[in-house]
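Trainee: Contents of protein38.txt (compact mmCIF, C-alpha atoms):
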```
# COMPACT_ATOMS: atom_id res chain seq x y z
CA MET J 73 6.45 -2.42 7.00
CA LYS J 74 2.95 -1.91 5.72
CA ILE J 75 4.02 1.32 4.01
CA ASN J 76 6.93 -0.37 2.26
CA VAL J 77 4.68 -2.96 0.76
CA ILE J 78 2.10 -0.46 -0.36
CA ARG J 79 4.94 1.38 -2.05
CA LYS J 80 5.98 -1.74 -3.91
CA VAL J 81 2.42 -2.42 -5.00
CA LEU J 82 2.11 1.19 -6.16
CA GLU J 83 5.38 0.99 -8.11
CA VAL J 84 4.21 -2.07 -10.03
CA ASN J 85 0.85 -0.40 -10.52
CA ASP J 86 2.40 2.77 -11.95
CA ARG J 87 4.59 0.82 -14.36
CA LEU J 88 1.61 -1.10 -15.74
CA ALA J 89 -0.42 2.12 -15.90
CA ASP J 90 2.26 3.68 -18.13
CA GLU J 91 2.19 0.55 -20.29
CA ILE J 92 -1.56 0.96 -20.68
CA ARG J 93 -1.16 4.58 -21.79
CA GLU J 94 1.50 3.58 -24.34
CA LYS J 95 -0.89 1.02 -25.82
CA THR J 96 -3.90 3.32 -25.91
CA ASN J 97 -1.87 6.22 -27.35
CA LEU J 98 -0.88 3.92 -30.21
CA SER J 99 -4.49 2.84 -30.79
CA LYS J 100 -5.76 6.40 -30.19
CA THR J 101 -8.20 5.17 -27.56
CA LEU J 102 -9.31 7.68 -24.93
CA VAL J 103 -9.46 5.93 -21.53
CA VAL J 104 -11.47 7.64 -18.81
CA ASN J 105 -11.77 6.42 -15.23
CA ILE J 106 -15.00 7.36 -13.40
CA MET J 107 -15.01 7.27 -9.60
CA SER J 108 -17.51 8.15 -6.85
CA SER J 109 -19.12 7.00 -3.61
CA PRO J 110 -21.47 4.04 -3.89
CA GLY J 111 -24.78 5.17 -5.37
CA SER J 112 -23.75 8.57 -6.74
CA GLY J 113 -25.11 7.63 -10.14
CA LYS J 114 -22.08 6.57 -12.21
CA THR J 115 -23.97 3.79 -14.00
CA SER J 116 -27.06 5.94 -14.55
CA ILE J 117 -24.91 8.61 -16.23
CA LEU J 118 -23.27 5.94 -18.40
CA GLU J 119 -26.71 4.65 -19.41
CA LYS J 120 -27.44 8.18 -20.67
CA ILE J 121 -24.17 9.03 -22.42
CA LEU J 122 -23.27 5.68 -24.02
CA PRO J 123 -26.15 5.61 -26.55
CA LEU J 124 -25.46 9.27 -27.44
CA LEU J 125 -21.74 8.61 -28.01
CA THR J 126 -22.64 5.58 -30.15
CA GLU J 127 -25.14 7.62 -32.18
CA LYS J 128 -22.36 10.08 -32.92
CA GLY J 129 -20.37 7.24 -34.44
CA TYR J 130 -17.86 6.55 -31.67
CA ASN J 131 -16.90 3.02 -30.70
CA VAL J 132 -17.17 2.87 -26.93
CA GLY J 133 -16.41 0.08 -24.48
CA VAL J 134 -16.87 -0.11 -20.72
CA ILE J 135 -14.89 -1.81 -17.97
CA GLU J 136 -17.06 -2.33 -14.90
CA GLY J 137 -15.47 -2.70 -11.50
CA ASP J 138 -17.42 -4.10 -8.58
CA ILE J 139 -16.54 -6.21 -5.61
CA ALA J 140 -19.43 -8.54 -6.39
CA THR J 141 -22.31 -8.92 -8.88
CA ILE J 142 -22.51 -8.16 -12.60
CA LYS J 143 -25.52 -5.86 -12.14
CA ASP J 144 -23.88 -2.74 -13.58
CA ALA J 145 -22.40 -4.66 -16.50
CA GLN J 146 -25.88 -5.96 -17.31
CA ARG J 147 -27.25 -2.40 -17.33
CA ILE J 148 -24.49 -1.33 -19.75
CA SER J 149 -24.91 -4.43 -21.90
CA ASN J 150 -28.62 -3.62 -22.21
CA LYS J 151 -27.51 -0.51 -24.11
CA ASN J 152 -25.66 -2.73 -26.63
CA ILE J 153 -22.26 -1.54 -25.46
CA PRO J 154 -19.38 -4.01 -25.15
CA VAL J 155 -18.58 -4.38 -21.46
CA THR J 156 -16.04 -6.30 -19.41
CA GLN J 157 -16.76 -6.90 -15.74
CA ILE J 158 -14.02 -7.08 -13.13
CA ASN J 159 -15.21 -8.56 -9.84
CA THR J 160 -12.57 -7.74 -7.25
CA ASP J 161 -13.81 -10.36 -4.79
CA LYS J 162 -11.59 -12.67 -6.82
CA PHE J 163 -8.67 -10.42 -5.86
CA GLY J 164 -9.30 -10.35 -2.10
CA GLY J 165 -12.28 -7.97 -2.23
CA ASP J 166 -10.15 -5.09 -3.48
CA CYS J 167 -11.68 -1.68 -2.90
CA HIS J 168 -10.30 -0.27 -6.16
CA LEU J 169 -9.22 -1.24 -9.66
CA GLY J 170 -5.46 -1.44 -10.16
CA SER J 171 -3.74 -1.35 -13.55
CA GLU J 172 -2.96 -5.09 -13.20
CA VAL J 173 -6.67 -5.86 -13.68
CA ILE J 174 -7.32 -3.02 -16.16
CA LEU J 175 -4.61 -4.25 -18.57
CA PRO J 176 -6.19 -7.69 -19.24
CA ALA J 177 -9.64 -6.10 -19.25
CA LEU J 178 -8.55 -3.66 -21.97
CA GLU J 179 -7.21 -6.59 -23.97
CA THR J 180 -10.73 -8.02 -24.23
CA PHE J 181 -11.47 -5.12 -26.62
CA ASP J 182 -10.07 -4.62 -30.11
CA LEU J 183 -8.34 -1.38 -29.10
CA GLU J 184 -7.54 -0.44 -32.72
CA LYS J 185 -11.28 -0.03 -33.27
CA MET J 186 -12.06 1.63 -29.96
CA ASP J 187 -12.39 5.42 -29.69
CA ILE J 188 -13.28 5.48 -26.00
CA VAL J 189 -13.03 3.04 -23.10
CA ILE J 190 -14.72 4.11 -19.88
CA ILE J 191 -13.68 2.49 -16.59
CA GLU J 192 -16.40 2.53 -13.92
CA ASN J 193 -14.37 2.06 -10.77
CA VAL J 194 -15.52 0.45 -7.49
CA GLY J 195 -17.83 2.82 -5.57
CA ASN J 196 -15.44 4.33 -3.03
CA LEU J 197 -14.19 7.91 -2.50
CA VAL J 198 -10.89 6.78 -0.97
CA CYS J 199 -8.85 3.91 -2.39
CA PRO J 200 -9.55 4.22 -6.14
CA ALA J 201 -7.95 7.69 -6.04
CA GLU J 202 -4.67 6.12 -4.87
CA PHE J 203 -4.24 3.78 -7.85
CA ASP J 204 -3.40 4.95 -11.36
CA THR J 205 -5.55 2.85 -13.70
CA GLY J 206 -3.67 3.85 -16.84
CA SER J 207 -6.53 6.15 -17.81
CA ASP J 208 -5.92 9.46 -19.57
CA TYR J 209 -8.37 11.34 -17.35
CA ASN J 210 -10.21 10.80 -14.08
CA ILE J 211 -13.78 11.90 -13.45
CA VAL J 212 -15.40 12.16 -10.02
CA VAL J 213 -19.17 12.02 -9.64
CA ILE J 214 -20.60 13.51 -6.46
CA SER J 215 -24.32 13.62 -5.82
CA THR J 216 -26.22 16.47 -4.17
CA THR J 217 -27.32 14.13 -1.37
CA GLU J 218 -23.75 13.56 -0.14
CA GLY J 219 -23.13 16.95 1.50
CA GLU J 220 -20.95 19.95 0.66
CA ASP J 221 -17.96 18.84 2.76
CA LYS J 222 -16.86 15.78 0.77
CA PRO J 223 -14.02 17.44 -1.23
CA LEU J 224 -12.43 18.55 2.07
CA LYS J 225 -12.87 15.13 3.68
CA TYR J 226 -11.68 13.15 0.66
CA PRO J 227 -9.15 15.58 -0.83
CA LEU J 228 -7.06 13.09 -2.83
CA MET J 229 -10.08 12.05 -4.92
CA PHE J 230 -10.76 15.65 -5.89
CA ARG J 231 -7.06 16.30 -6.49
CA VAL J 232 -6.59 13.48 -9.02
CA CYS J 233 -9.72 14.22 -11.08
CA GLN J 234 -9.81 16.66 -13.98
CA PHE J 235 -13.59 16.66 -14.39
CA GLY J 236 -16.30 16.73 -11.73
CA ILE J 237 -19.95 15.83 -12.26
CA ILE J 238 -22.39 17.06 -9.59
CA ASN J 239 -25.24 14.58 -10.06
CA LYS J 240 -28.85 14.27 -8.84
CA ILE J 241 -29.31 18.01 -9.33
CA ASP J 242 -33.06 17.30 -9.65
CA LEU J 243 -33.18 16.61 -5.87
CA LEU J 244 -31.94 20.11 -4.94
CA PRO J 245 -35.42 21.45 -3.97
CA TYR J 246 -35.76 18.71 -1.34
CA LEU J 247 -32.31 18.99 0.27
CA ASP J 248 -30.55 21.34 2.69
CA PHE J 249 -27.67 21.52 0.28
CA ASP J 250 -25.64 24.55 -0.80
CA ILE J 251 -24.23 23.75 -4.23
CA SER J 252 -22.07 26.90 -4.30
CA GLU J 253 -20.40 25.75 -1.07
CA LEU J 254 -19.65 22.37 -2.69
CA LYS J 255 -18.13 24.16 -5.70
CA THR J 256 -16.04 26.40 -3.45
CA ASN J 257 -14.79 23.33 -1.58
CA ILE J 258 -13.91 21.60 -4.86
CA LYS J 259 -12.05 24.70 -6.11
CA ASN J 260 -10.13 24.92 -2.84
CA ILE J 261 -8.82 21.39 -3.37
CA ASN J 262 -8.47 21.54 -7.15
CA PRO J 263 -8.80 24.99 -8.74
CA ASN J 264 -8.49 23.53 -12.25
CA MET J 265 -11.33 21.04 -12.05
CA GLU J 266 -13.98 21.46 -14.74
CA ILE J 267 -17.43 21.05 -13.14
CA VAL J 268 -20.80 20.14 -14.63
CA GLU J 269 -24.18 19.87 -12.90
CA SER J 270 -26.17 16.88 -14.09
CA SER J 271 -29.24 14.76 -13.61
CA ALA J 272 -29.56 11.34 -15.16
CA LYS J 273 -33.30 11.74 -14.51
CA THR J 274 -33.95 15.07 -16.29
CA ASN J 275 -30.93 14.86 -18.68
CA LYS J 276 -29.55 18.16 -17.38
CA GLY J 277 -25.84 18.38 -18.13
CA ILE J 278 -25.73 15.21 -20.25
CA ALA J 279 -24.92 17.20 -23.43
CA LYS J 280 -22.07 18.92 -21.61
CA ILE J 281 -20.64 15.57 -20.55
CA ILE J 282 -20.77 14.40 -24.18
CA ASN J 283 -18.95 17.62 -25.18
CA TRP J 284 -16.27 16.93 -22.60
CA PHE J 285 -15.64 13.49 -24.10
CA GLU J 286 -15.50 14.89 -27.65
CA ASN J 287 -13.04 17.59 -26.56
CA HIS J 288 -10.69 14.97 -25.12
CA LEU J 289 -10.62 12.37 -27.90
CA LYS J 290 -7.16 11.27 -29.05
CA MET K 113 2.80 -11.33 -1.47
CA LYS K 114 0.25 -8.60 -0.99
CA ILE K 115 -2.18 -11.11 0.54
CA ASN K 116 0.42 -12.32 3.04
CA VAL K 117 0.98 -8.84 4.29
CA ILE K 118 -2.69 -8.04 4.54
CA ARG K 119 -3.03 -11.21 6.57
CA LYS K 120 -0.31 -10.10 8.96
CA VAL K 121 -1.89 -6.68 9.35
CA LEU K 122 -5.24 -8.33 9.99
CA GLU K 123 -3.75 -10.67 12.61
CA VAL K 124 -2.30 -7.77 14.57
CA ASN K 125 -5.56 -5.91 14.14
CA ASP K 126 -7.63 -8.81 15.49
CA ARG K 127 -5.38 -9.22 18.53
CA LEU K 128 -5.71 -5.54 19.43
CA ALA K 129 -9.46 -5.69 18.80
CA ASP K 130 -9.78 -8.50 21.35
CA GLU K 131 -7.73 -6.43 23.79
CA ILE K 132 -10.16 -3.55 23.33
CA ARG K 133 -13.15 -5.79 24.07
CA GLU K 134 -11.46 -7.11 27.23
CA LYS K 135 -10.96 -3.53 28.43
CA THR K 136 -14.48 -2.37 27.62
CA ASN K 137 -16.06 -5.49 29.12
CA LEU K 138 -14.27 -4.66 32.36
CA SER K 139 -15.44 -1.05 32.29
CA LYS K 140 -18.90 -2.08 31.01
CA THR K 141 -18.64 0.30 28.08
CA LEU K 142 -20.71 -0.51 25.00
CA VAL K 143 -18.65 0.20 21.88
CA VAL K 144 -20.52 0.56 18.60
CA ASN K 145 -18.91 1.08 15.20
CA ILE K 146 -21.01 2.97 12.65
CA MET K 147 -20.14 2.60 8.97
CA SER K 148 -21.58 3.83 5.65
CA SER K 149 -20.80 5.42 2.31
CA PRO K 150 -19.69 9.04 2.42
CA GLY K 151 -22.70 11.28 3.00
CA SER K 152 -25.24 8.68 4.16
CA GLY K 153 -25.94 10.71 7.28
CA LYS K 154 -23.90 9.07 10.05
CA THR K 155 -23.02 12.39 11.70
CA SER K 156 -26.55 13.76 11.33
CA ILE K 157 -27.94 10.69 13.10
CA LEU K 158 -25.35 11.10 15.86
CA GLU K 159 -26.35 14.77 16.26
CA LYS K 160 -29.90 13.52 16.92
CA ILE K 161 -29.22 10.57 19.22
CA LEU K 162 -26.35 11.91 21.36
CA PRO K 163 -28.38 14.59 23.20
CA LEU K 164 -31.19 12.07 23.79
CA LEU K 165 -28.80 9.48 25.22
CA THR K 166 -27.26 12.17 27.44
CA GLU K 167 -30.72 13.29 28.63
CA LYS K 168 -31.39 9.71 29.66
CA GLY K 169 -28.31 9.88 31.89
CA TYR K 170 -25.84 7.89 29.82
CA ASN K 171 -22.22 8.99 29.49
CA VAL K 172 -21.43 8.84 25.80
CA GLY K 173 -18.21 9.51 23.91
CA VAL K 174 -17.49 9.56 20.19
CA ILE K 175 -14.45 8.59 18.14
CA GLU K 176 -14.52 10.32 14.76
CA GLY K 177 -12.63 8.82 11.84
CA ASP K 178 -11.89 10.88 8.76
CA ILE K 179 -9.05 11.00 6.31
CA ALA K 180 -8.86 14.77 6.71
CA THR K 181 -10.64 17.63 8.55
CA ILE K 182 -12.16 17.79 12.03
CA LYS K 183 -15.55 18.89 10.67
CA ASP K 184 -17.53 15.97 12.06
CA ALA K 185 -15.80 16.18 15.44
CA GLN K 186 -16.78 19.85 15.61
CA ARG K 187 -20.42 18.96 14.92
CA ILE K 188 -20.35 16.38 17.75
CA SER K 189 -18.50 18.72 20.09
CA ASN K 190 -21.21 21.33 19.50
CA LYS K 191 -23.58 18.88 21.23
CA ASN K 192 -21.31 18.92 24.33
CA ILE K 193 -20.23 15.33 23.78
CA PRO K 194 -16.59 14.34 24.38
CA VAL K 195 -15.08 13.46 21.02
CA THR K 196 -11.71 12.23 19.80
CA GLN K 197 -10.81 12.74 16.15
CA ILE K 198 -8.62 10.31 14.24
CA ASN K 199 -7.35 11.73 10.96
CA THR K 200 -6.04 8.81 8.92
CA ASP K 201 -4.04 11.03 6.57
CA LYS K 202 -1.39 10.74 9.28
CA PHE K 203 -1.48 6.97 8.73
CA GLY K 204 -1.05 7.03 4.94
CA GLY K 205 -4.61 8.13 4.16
CA ASP K 206 -6.09 4.90 5.48
CA CYS K 207 -9.58 4.16 4.20
CA HIS K 208 -10.70 2.63 7.50
CA LEU K 209 -10.07 2.69 11.25
CA GLY K 210 -8.01 -0.22 12.56
CA SER K 211 -7.90 -1.28 16.20
CA GLU K 212 -4.35 0.15 16.44
CA VAL K 213 -5.81 3.68 16.21
CA ILE K 214 -9.00 2.90 18.15
CA LEU K 215 -7.09 1.65 21.20
CA PRO K 216 -5.26 4.96 21.91
CA ALA K 217 -8.41 6.90 20.98
CA LEU K 218 -10.41 4.92 23.59
CA GLU K 219 -7.73 5.71 26.14
CA THR K 220 -8.50 9.44 25.79
CA PHE K 221 -11.78 8.67 27.63
CA ASP K 222 -12.19 7.65 31.27
CA LEU K 223 -13.70 4.29 30.30
CA GLU K 224 -14.82 3.52 33.86
CA LYS K 225 -17.28 6.41 33.54
CA MET K 226 -18.34 5.73 29.98
CA ASP K 227 -21.55 3.82 29.20
CA ILE K 228 -21.28 4.08 25.44
CA VAL K 229 -18.52 4.92 22.95
CA ILE K 230 -19.59 5.33 19.35
CA ILE K 231 -17.02 5.03 16.57
CA GLU K 232 -17.92 6.92 13.40
CA ASN K 233 -15.77 5.17 10.83
CA VAL K 234 -14.37 6.63 7.59
CA GLY K 235 -17.11 6.96 4.96
CA ASN K 236 -16.53 3.87 2.84
CA LEU K 237 -18.66 0.76 2.18
CA VAL K 238 -15.64 -1.48 1.53
CA CYS K 239 -12.52 -1.35 3.69
CA PRO K 240 -13.97 -0.54 7.13
CA ALA K 241 -15.92 -3.82 6.98
CA GLU K 242 -12.64 -5.74 6.74
CA PHE K 243 -11.13 -4.42 9.98
CA ASP K 244 -12.40 -5.38 13.43
CA THR K 245 -12.33 -2.15 15.48
CA GLY K 246 -12.83 -3.91 18.81
CA SER K 247 -16.44 -2.76 18.87
CA ASP K 248 -19.21 -4.92 20.33
CA TYR K 249 -21.57 -4.23 17.44
CA ASN K 250 -21.42 -2.81 13.93
CA ILE K 251 -24.08 -0.58 12.43
CA VAL K 252 -24.42 0.20 8.73
CA VAL K 253 -26.24 3.32 7.56
CA ILE K 254 -27.54 3.28 4.00
CA SER K 255 -29.47 6.19 2.57
CA THR K 256 -32.46 5.93 0.24
CA THR K 257 -30.53 7.82 -2.45
CA GLU K 258 -27.89 5.10 -2.81
CA GLY K 259 -29.97 2.49 -4.64
CA GLU K 260 -31.42 -0.88 -3.72
CA ASP K 261 -28.47 -2.93 -4.99
CA LYS K 262 -25.82 -1.88 -2.48
CA PRO K 263 -26.09 -4.91 -0.11
CA LEU K 264 -25.43 -7.21 -3.09
CA LYS K 265 -22.53 -5.12 -4.37
CA TYR K 266 -20.92 -4.62 -0.94
CA PRO K 267 -21.89 -7.89 0.77
CA LEU K 268 -19.16 -7.96 3.44
CA MET K 269 -20.37 -4.67 4.94
CA PHE K 270 -23.88 -6.03 5.34
CA ARG K 271 -22.58 -9.36 6.62
CA VAL K 272 -20.56 -7.86 9.50
CA CYS K 273 -23.28 -5.48 10.74
CA GLN K 274 -25.96 -6.46 13.26
CA PHE K 275 -28.08 -3.33 12.85
CA GLY K 276 -29.00 -1.44 9.66
CA ILE K 277 -30.34 2.10 9.50
CA ILE K 278 -32.06 3.10 6.25
CA ASN K 279 -31.66 6.87 6.38
CA LYS K 280 -33.08 9.85 4.45
CA ILE K 281 -36.48 8.18 4.40
CA ASP K 282 -37.98 11.69 3.99
CA LEU K 283 -36.66 11.74 0.39
CA LEU K 284 -38.66 8.65 -0.67
CA PRO K 285 -41.39 10.61 -2.50
CA TYR K 286 -38.76 12.14 -4.81
CA LEU K 287 -36.83 8.98 -5.67
CA ASP K 288 -37.26 5.94 -7.89
CA PHE K 289 -36.39 3.75 -4.97
CA ASP K 290 -38.00 0.51 -3.83
CA ILE K 291 -37.36 0.20 -0.11
CA SER K 292 -38.79 -3.33 0.05
CA GLU K 293 -36.26 -4.41 -2.59
CA LEU K 294 -33.45 -2.93 -0.46
CA LYS K 295 -34.75 -4.83 2.57
CA THR K 296 -34.96 -8.07 0.59
CA ASN K 297 -31.38 -7.57 -0.60
CA ILE K 298 -30.21 -6.94 2.97
CA LYS K 299 -32.02 -10.06 4.22
CA ASN K 300 -30.47 -12.14 1.43
CA ILE K 301 -27.00 -11.16 2.63
CA ASN K 302 -27.75 -11.09 6.36
CA PRO K 303 -31.09 -12.60 7.44
CA ASN K 304 -30.48 -11.61 11.07
CA MET K 305 -29.94 -7.92 10.56
CA GLU K 306 -32.27 -5.69 12.53
CA ILE K 307 -33.43 -2.81 10.30
CA VAL K 308 -34.82 0.63 11.13
CA GLU K 309 -36.03 3.36 8.76
CA SER K 310 -34.92 6.80 9.82
CA SER K 311 -34.73 10.46 8.93
CA ALA K 312 -32.43 12.83 10.76
CA LYS K 313 -34.62 15.57 9.28
CA THR K 314 -38.06 14.44 10.49
CA ASN K 315 -36.82 12.36 13.48
CA LYS K 316 -38.48 9.23 12.13
CA GLY K 317 -36.85 6.15 13.65
CA ILE K 318 -34.65 8.10 16.08
CA ALA K 319 -36.51 6.69 19.11
CA LYS K 320 -36.01 3.17 17.75
CA ILE K 321 -32.27 3.77 17.42
CA ILE K 322 -32.18 4.96 21.05
CA ASN K 323 -34.04 1.76 22.04
CA TRP K 324 -31.49 -0.33 20.19
CA PHE K 325 -28.66 1.26 22.18
CA GLU K 326 -30.50 0.77 25.48
CA ASN K 327 -31.15 -2.88 24.65
CA HIS K 328 -27.45 -3.49 24.07
CA LEU K 329 -25.91 -1.75 27.09
CA LYS K 330 -23.38 -3.81 29.06
```
Produce structure tokens that represent the structure in this file.
Mentor:
Amino acid sequence: MKINVIRKVLEVNDRLADEIREKTNLSKTLVVNIMSSPGSGKTSILEKILPLLTEKGYNVGVIEGDIATIKDAQRISNKNIPVTQINTDKFGGDCHLGSEVILPALETFDLEKMDIVIIENVGNLVCPAEFDTGSDYNIVVISTTEGEDKPLKYPLMFRVCQFGIINKIDLLPYLDFDISELKTNIKNINPNMEIVESSAKTNKGIAKIINWFENHLK
Amino acid sequence: MKINVIRKVLEVNDRLADEIREKTNLSKTLVVNIMSSPGSGKTSILEKILPLLTEKGYNVGVIEGDIATIKDAQRISNKNIPVTQINTDKFGGDCHLGSEVILPALETFDLEKMDIVIIENVGNLVCPAEFDTGSDYNIVVISTTEGEDKPLKYPLMFRVCQFGIINKIDLLPYLDFDISELKTNIKNINPNMEIVESSAKTNKGIAKIINWFENHLK
């Protein structure tokens, strides 16, 4: 019974996700969905790349997903970037963003003027991977402190993402962490994933992330 | 509609959870459910405490929850501890352990002989908090690399746990992390939570975690 219902929810979700892509193809807005464990550094990376994308003349908006608080939205807003917060505690404490909440959130922006909308999903390596948000691409952020085994333990997340950011690379000297093993594990799950090493602290990899966005504009 | 179904699932879950507690009260087995984000160090802490609990003469078993792989179970088994792995990909990739999978997992142990069973839940700060596993206590592990704001952003997790382990304390010198702010945030959500700082690398706090278990034996 549970599975049937999840299927129904997923069907509705997929239909709305397609609707979102139709809309954003018309407005030529690139929509990117960023996912990770809690505390991997999604917001810190956004704080770095948003001003650079703006400087380059792109109109960027952000949809922030959290169960509670508007803390991340405040951090984005401090960078003078338009941001819409979705708090899922109003939707039963949902552990992910579905397209049914992304659609109205997107409508808070003037899509015709928007080059890029970035969705920062709820911090969670499991459920967000199961729900199509209507984005054009999915990015996973994994930090060096999380261990090399995560792609094997959370395979769906690494399967649905086209771009992987290995963050907190500045901590490598202090960790028992084998980055080549992580990369091998990622490639075993998703051989096509593009991977960048980054640090929101030292700016390593930030230029490459900007390049990735520019290469995927509509 | 979705909410109705979740309610039904939760009702069944709660009934089975009570059944588990009846069983383990009879056998005087302490059942503890450990939860955290992926990569916070749950398994590393278990690798430290399990041999110490065994040395003290306690019979301990572990139930490992992961979506995929038996990697963590292998690490526990290497310490000569009986371990039962639940892979939730057989249950639709569930993001948590429900009492319906814990009950048969518990039955793989001779409960009459077991002093302690530790459940290592799926790495996820959201969903596992919503499902009573039938445990007597819940522990949350949060690592210093995850940021001070997590109790505010994932309040339910911190509300349902009686004991909090702040792990990877050895990394403090290399992080912009204010541990007193984390503690304040925890206390704001759950003023009664007992908190220990730990490092599975330097052994800091491990003795205190052992004490906690001894203080809560049935």
Trainee: Could you work out how far atom CA of Ser271 of chain J lies from atom CA of Pro245 of chain J, giving the answer in Å with one decimal?
Mentor: 13.3 Å
Trainee: Within 10 Å of segment 278-284 of chain K, counting all atoms listed in the file, which residues show up once you throw out same-chain ones fewer than 2 positions away? Write them as an NGL selection string, please.
Mentor: (:J and (217 or 243 or 246-247)) or (:K and (152-154 or 156-157 or 252-257 or 276 or 286-291 or 294-295 or 307-317))
Trainee: When the cut-off is 8 Å and we count all atoms listed in the file, which residues of chain K are near chain J, given as a list in words?
Mentor: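 Contact residues on the first chain: Lys114, Ile115, Val117, Val121, Ser149, Pro150, Gly151, Ser152, Asp178, Ile179, Ala180, Thr181, Gly204, Cys207, Asn236, Leu237, Val238, Cys239, Thr257, Glu258, Gly259, Lys262, Leu264, Lys265, Tyr266, Pro267, Leu283 and Tyr286 of chain K.
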Trainee: Which residue out of K:Ser247, K:Thr220, K:Asn304, K:Gln197 has the minimum interatomic distance to Thr136 of chain K when only C-alpha atoms are used?
Mentor: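 Selected residue with least distance to Thr136 of chain K: K:Ser247.
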Trainee: Please compute the atom CA of Val174 of chain K-atom CA of Ile322 of chain K distance, one decimal, in Å.
Mentor: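 Separation of atom CA of Val174 of chain K and atom CA of Ile322 of chain K: 15.4 Å.
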Trainee: With distances taken over all atoms listed in the file, which of J:Leu88, J:Leu98, J:Ile190, J:Leu169 is nearest to Phe285 of chain J?
Mentor: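 Comparing J:Leu88, J:Leu98, J:Ile190, J:Leu169 against Phe285 of chain J, the winner is J:Ile190.
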Trainee: How far is it from atom CA of Ile174 of chain J to atom CA of Asn97 of chain J, in Å with one decimal?
Mentor: 15.5 Å
Trainee: Can you pull out every residue within 10 Å of Val144 of chain K, counting only C-alpha atoms, but drop anything in the same chain fewer than 6 positions away, and send it as a PyMOL selection string?
Mentor: chain K and resi 174+228-232+245-251+325+328
Trainee: Let me make sure I understand: among J:Met229, J:Met186, J:Ala201, J:Ile278, which one has the smallest atom-to-atom distance to Leu82 of chain J if we use only C-alpha atoms?
Mentor: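 Nearest to Leu82 of chain J: J:Ala201.
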Trainee: Using all atoms listed in the file, find the one residue out of J:Ala145, J:Leu102, J:Ile281, J:Val84 that sits nearest to Leu183 of chain J.
Mentor: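 Of J:Ala145, J:Leu102, J:Ile281, J:Val84, the one nearest Leu183 of chain J, counting all atoms listed in the file, is J:Leu102.
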